[in-house]
Every structure is written in C-alpha cells, then in structure tokens.
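Trainee: Here you go, one structure.
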Amino acid sequence: MARSEMATFEVEVEKKEGMECEAKMRDFDLTMDEPKKLGGTNKGPNPVEVLLSSLGGCLSIVGEAVSNEMDLKLEDFELDIEGDLDPRGFMGTADVPAGLQEIRVKVNKINGIPEEKMDEFFEKIQKRCPIEDTLGRKIEVQIEK
C-alpha cells in the first residue's frame with residue numbers, strides 16, 4: 001500500500017502524578033492509571049484494560065460495518081473480554097513476558113445475525129478488525145529520543 005493511502009492516528013500521552021497519565025486524541029482525553037494493588041491511585045483504567053476495550057470496540061464497530069454489508073441488522077452485540085498478564089513482568093521482578101499471554105472474547109449477546117450466517121460474520125470481523133490484526137502480528141515500535 002502506498003504511504004499516501006495510509007491513515008495515521010495520533011495520540012499524545014503525558015505523565016501525571018505517580019503512575020497516572022493522560023492521553024489526548026482528537027477532542028478526547030483519557031486518564032489511565034494502575035489500580036492501588038499495582039502501585040497506582042485507580043484514577044482510570046490501566047493501559048491493558050484500555051487495550052482490551054479497544055479490541056472490543058473494534059470488533060463491535062467492524063461488526064456493524066460487516067452486518068450492513070451482509071444486509072443484516074446487528075443488534076444487542078455484547079462482548080466480555082479477558083486477558084491474562086503476569087504482573088511480575090511489568091514490575092521487573094521475574095523473567096516472564098511483560099504483556100498479555102492470552103486474550104479471550106466471549107459473545108454474551110448477539111441478535112440480528114442468523115445462525116447460518118454466524119460463522120461468516122465472525123470470520124469477516126476477525127479478519128478486518130485492525131486491533132485484532134495488530135495484536136496478532138509482531139509489529140515494530142520505534143521510539144525516537
């Protein structure tokens with residue numbers, strides 16, 4: 001894909017007091033912090049919770065687009081998302097991965113997609129969800145100092 005066809009998304013993140021930080025994107029602000037048991041003050045979701053929320057939001061938004069393309073009306077689409085993380089990696093106290101080791105998505109409720117179209121629907125949204133795609137690939141993160 002030519003660079004001119006790319007969409008670039010920008011977020012500015014500023015550290016606040018302790019582990020709290022604030023992300024600014026477009027016209028929105030998001031406070032992130034760690035829970036007290038991980039050394040934060042619990043002023044907002046932590047970055048892992050935001051990541052899991054991003055996956056759920058992406059699946060939901062792509063689900064709406066796919067259902068429209070399939071001439072269906074997606075209704076009552078509710079997901080529970082869990083991710084397993086060993087906090088010792090983040091804390092630097094053990095030689096274990098710092099990130100999530102597994103993510104599970106459970107569909108709690110879905111209406112508007114006939115049973116015979118369900119596999120096709122989920123196949124399409126999983127293939128086209130940018131967040132799931134990103135999580136499934138090893139991408140380079142470049143930090144300029």
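Ordering of the structure tokens sets the chain letters (A, B, ...); residue numbers start at 1 within each chain; ligands are numbered from 1 in the order shown.
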Quick one: everything within 12 Å of Lys117 in chain A, counting only C-alpha atoms, minus sequence neighbours fewer than 2 positions away in the same chain. Send it as a PyMOL selection string.

Mentor: chain A and resi 66-67+70-72+74+111-115+119-124

Trainee: Run DSSP on the backbone of this structure and report the residues of chain A it assigns to strand (DSSP E), as a compact mmCIF listing (two decimals) with N, CA and C atoms, in the first residue's frame.

Mentor:
```txt
# COMPACT_ATOMS: atom_id res chain seq x y z
N GLU A 12 -1.40 11.84 22.06
CA GLU A 12 -0.37 12.46 22.89
C GLU A 12 -0.59 11.97 24.32
N VAL A 13 0.46 11.45 24.95
CA VAL A 13 0.36 10.93 26.31
C VAL A 13 1.32 11.70 27.20
N GLU A 14 0.80 12.17 28.34
CA GLU A 14 1.59 12.94 29.30
C GLU A 14 1.50 12.29 30.67
N LYS A 15 2.66 12.06 31.28
CA LYS A 15 2.69 11.52 32.63
C LYS A 15 2.18 12.57 33.61
N CYS A 21 -1.43 8.84 33.92
CA CYS A 21 -1.08 9.56 32.70
C CYS A 21 -2.36 9.94 31.97
N GLU A 22 -2.23 10.92 31.10
CA GLU A 22 -3.40 11.38 30.35
C GLU A 22 -3.10 11.29 28.85
N ALA A 23 -4.00 10.66 28.14
CA ALA A 23 -3.89 10.56 26.69
C ALA A 23 -4.87 11.55 26.06
N LYS A 24 -4.40 12.26 25.05
CA LYS A 24 -5.25 13.20 24.31
C LYS A 24 -5.29 12.75 22.87
N MET A 25 -6.50 12.59 22.33
CA MET A 25 -6.68 12.22 20.94
C MET A 25 -7.89 12.97 20.40
N PHE A 28 -10.73 14.30 22.62
CA PHE A 28 -10.99 13.45 23.77
C PHE A 28 -9.77 13.33 24.66
N ASP A 29 -10.03 13.19 25.95
CA ASP A 29 -8.99 12.93 26.95
C ASP A 29 -9.31 11.61 27.63
N LEU A 30 -8.27 10.86 27.96
CA LEU A 30 -8.44 9.60 28.66
C LEU A 30 -7.39 9.52 29.75
N THR A 31 -7.83 9.41 31.00
CA THR A 31 -6.92 9.23 32.12
C THR A 31 -6.69 7.74 32.32
N MET A 32 -5.42 7.37 32.41
CA MET A 32 -5.06 5.98 32.71
C MET A 32 -4.25 5.96 33.99
N GLU A 75 -27.75 -6.28 16.26
CA GLU A 75 -28.37 -5.70 17.46
C GLU A 75 -27.83 -6.41 18.69
N ASP A 76 -27.86 -5.73 19.81
CA ASP A 76 -27.50 -6.34 21.09
C ASP A 76 -26.21 -7.14 21.02
N PHE A 77 -25.16 -6.52 20.55
CA PHE A 77 -23.86 -7.17 20.43
C PHE A 77 -23.06 -6.85 21.69
N GLU A 78 -22.91 -7.83 22.59
CA GLU A 78 -22.21 -7.62 23.85
C GLU A 78 -21.10 -8.65 23.99
N LEU A 79 -19.92 -8.16 24.35
CA LEU A 79 -18.74 -9.00 24.47
C LEU A 79 -18.13 -8.86 25.86
N ASP A 80 -17.63 -9.96 26.39
CA ASP A 80 -16.78 -9.94 27.58
C ASP A 80 -15.38 -10.29 27.12
N ILE A 81 -14.41 -9.51 27.54
CA ILE A 81 -13.03 -9.73 27.08
C ILE A 81 -12.13 -9.83 28.31
N GLU A 82 -11.34 -10.89 28.33
CA GLU A 82 -10.39 -11.12 29.42
C GLU A 82 -9.00 -11.30 28.83
N GLY A 83 -8.01 -10.85 29.57
CA GLY A 83 -6.63 -11.07 29.18
C GLY A 83 -5.80 -11.45 30.39
N ASP A 84 -4.91 -12.40 30.21
CA ASP A 84 -4.06 -12.88 31.30
C ASP A 84 -2.68 -12.25 31.20
N GLU A 102 -2.63 -14.32 26.89
CA GLU A 102 -3.82 -14.85 26.21
C GLU A 102 -4.94 -13.85 26.34
N ILE A 103 -5.75 -13.76 25.29
CA ILE A 103 -6.95 -12.92 25.31
C ILE A 103 -8.12 -13.81 24.92
N ARG A 104 -9.20 -13.70 25.69
CA ARG A 104 -10.41 -14.46 25.41
C ARG A 104 -11.58 -13.49 25.21
N VAL A 105 -12.31 -13.69 24.13
CA VAL A 105 -13.50 -12.89 23.84
C VAL A 105 -14.70 -13.82 23.90
N LYS A 106 -15.66 -13.46 24.75
CA LYS A 106 -16.90 -14.25 24.86
C LYS A 106 -18.06 -13.39 24.38
N VAL A 107 -18.83 -13.93 23.45
CA VAL A 107 -20.02 -13.23 22.97
C VAL A 107 -21.14 -13.52 23.96
N ASN A 108 -21.57 -12.50 24.69
CA ASN A 108 -22.65 -12.66 25.66
C ASN A 108 -24.01 -12.56 25.02
N LYS A 109 -24.12 -11.68 24.04
CA LYS A 109 -25.42 -11.47 23.41
C LYS A 109 -25.18 -11.00 21.98
N ILE A 110 -25.93 -11.56 21.07
CA ILE A 110 -25.92 -11.09 19.69
C ILE A 110 -27.29 -11.37 19.09
N ASN A 111 -27.84 -10.38 18.46
CA ASN A 111 -29.11 -10.51 17.76
C ASN A 111 -28.98 -9.86 16.39
```

Trainee: If DSSP is run on the backbone, what residues of range 33-87 of chain A are helix (DSSP H, G or I)? A reply as an MDAnalysis selection string would be ideal.

Mentor: chainID A and resid 36:38 47:69 87

Trainee: What does the file look like for those residues with C-alpha atoms, as a PDB file, in the first residue's frame?

Mentor:
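File selection12.pdb, as written:
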```
ATOM      1  CA  LYS A  36      -3.892   0.547  44.002  1.00  0.00           C
ATOM      2  CA  LYS A  37      -2.710  -3.077  44.291  1.00  0.00           C
ATOM      3  CA  LEU A  38      -0.256  -2.387  41.408  1.00  0.00           C
ATOM      4  CA  PRO A  47      -3.363   0.606  29.673  1.00  0.00           C
ATOM      5  CA  VAL A  48      -4.092  -3.149  29.467  1.00  0.00           C
ATOM      6  CA  GLU A  49      -7.783  -2.518  30.180  1.00  0.00           C
ATOM      7  CA  VAL A  50      -7.760   0.203  27.514  1.00  0.00           C
ATOM      8  CA  LEU A  51      -6.173  -2.253  25.064  1.00  0.00           C
ATOM      9  CA  LEU A  52      -8.846  -4.874  25.790  1.00  0.00           C
ATOM     10  CA  SER A  53     -11.531  -2.188  25.456  1.00  0.00           C
ATOM     11  CA  SER A  54     -10.019  -1.179  22.116  1.00  0.00           C
ATOM     12  CA  LEU A  55     -10.305  -4.760  20.898  1.00  0.00           C
ATOM     13  CA  GLY A  56     -13.953  -4.938  21.979  1.00  0.00           C
ATOM     14  CA  GLY A  57     -14.761  -1.576  20.438  1.00  0.00           C
ATOM     15  CA  CYS A  58     -13.045  -2.531  17.202  1.00  0.00           C
ATOM     16  CA  LEU A  59     -14.884  -5.870  16.959  1.00  0.00           C
ATOM     17  CA  SER A  60     -18.153  -4.050  17.613  1.00  0.00           C
ATOM     18  CA  ILE A  61     -17.542  -1.296  15.043  1.00  0.00           C
ATOM     19  CA  VAL A  62     -16.304  -3.719  12.365  1.00  0.00           C
ATOM     20  CA  GLY A  63     -19.255  -5.976  13.239  1.00  0.00           C
ATOM     21  CA  GLU A  64     -21.637  -3.144  12.430  1.00  0.00           C
ATOM     22  CA  ALA A  65     -19.920  -2.475   9.094  1.00  0.00           C
ATOM     23  CA  VAL A  66     -19.859  -6.176   8.165  1.00  0.00           C
ATOM     24  CA  SER A  67     -23.507  -6.711   9.129  1.00  0.00           C
ATOM     25  CA  ASN A  68     -24.505  -3.763   6.918  1.00  0.00           C
ATOM     26  CA  GLU A  69     -22.522  -5.234   4.008  1.00  0.00           C
ATOM     27  CA  PRO A  87       2.363  -8.517  36.699  1.00  0.00           C
TER      28      PRO A  87
END
```

Trainee: What's the 10 Å shell around Pro35 in chain A, counting only C-alpha atoms, without same-chain residues fewer than 4 positions away, as a list of chain:residue names?

Mentor: A:Met19, A:Gly39, A:Gly40, A:Thr41, A:Asn42, A:Lys43, A:Gly44, A:Pro45, A:Asn46

Trainee: Which residue out of A:Glu5, A:Glu140, A:Glu34, A:Glu10 has the minimum interatomic distance to Phe90 in chain A when only C-alpha atoms are used?

Mentor: A:Glu34

Trainee: Pick the closest to Gly99 in chain A from A:Asp33, A:Glu144, A:Glu20, A:Asp86: which is it, counting only C-alpha atoms?

Mentor: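 Nearest to Gly99 in chain A: A:Asp86.
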
Trainee: What is the CA of Pro97 in chain A to CA of Arg137 in chain A distance in Å?

Mentor: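 Those two atoms sit 16.1 Å apart.
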
Trainee: Rounded to one decimal in Å, what is the spacing between CA of Phe9 in chain A and CA of Lys73 in chain A?

Mentor: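 Pair CA of Phe9 in chain A / CA of Lys73 in chain A returns 28.9 Å.
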
Trainee: So, counting only C-alpha atoms, which residue among A:Gln142, A:Gln101, A:Thr134, A:Ser4 is closest to Leu85 in chain A?

Mentor: A:Gln101
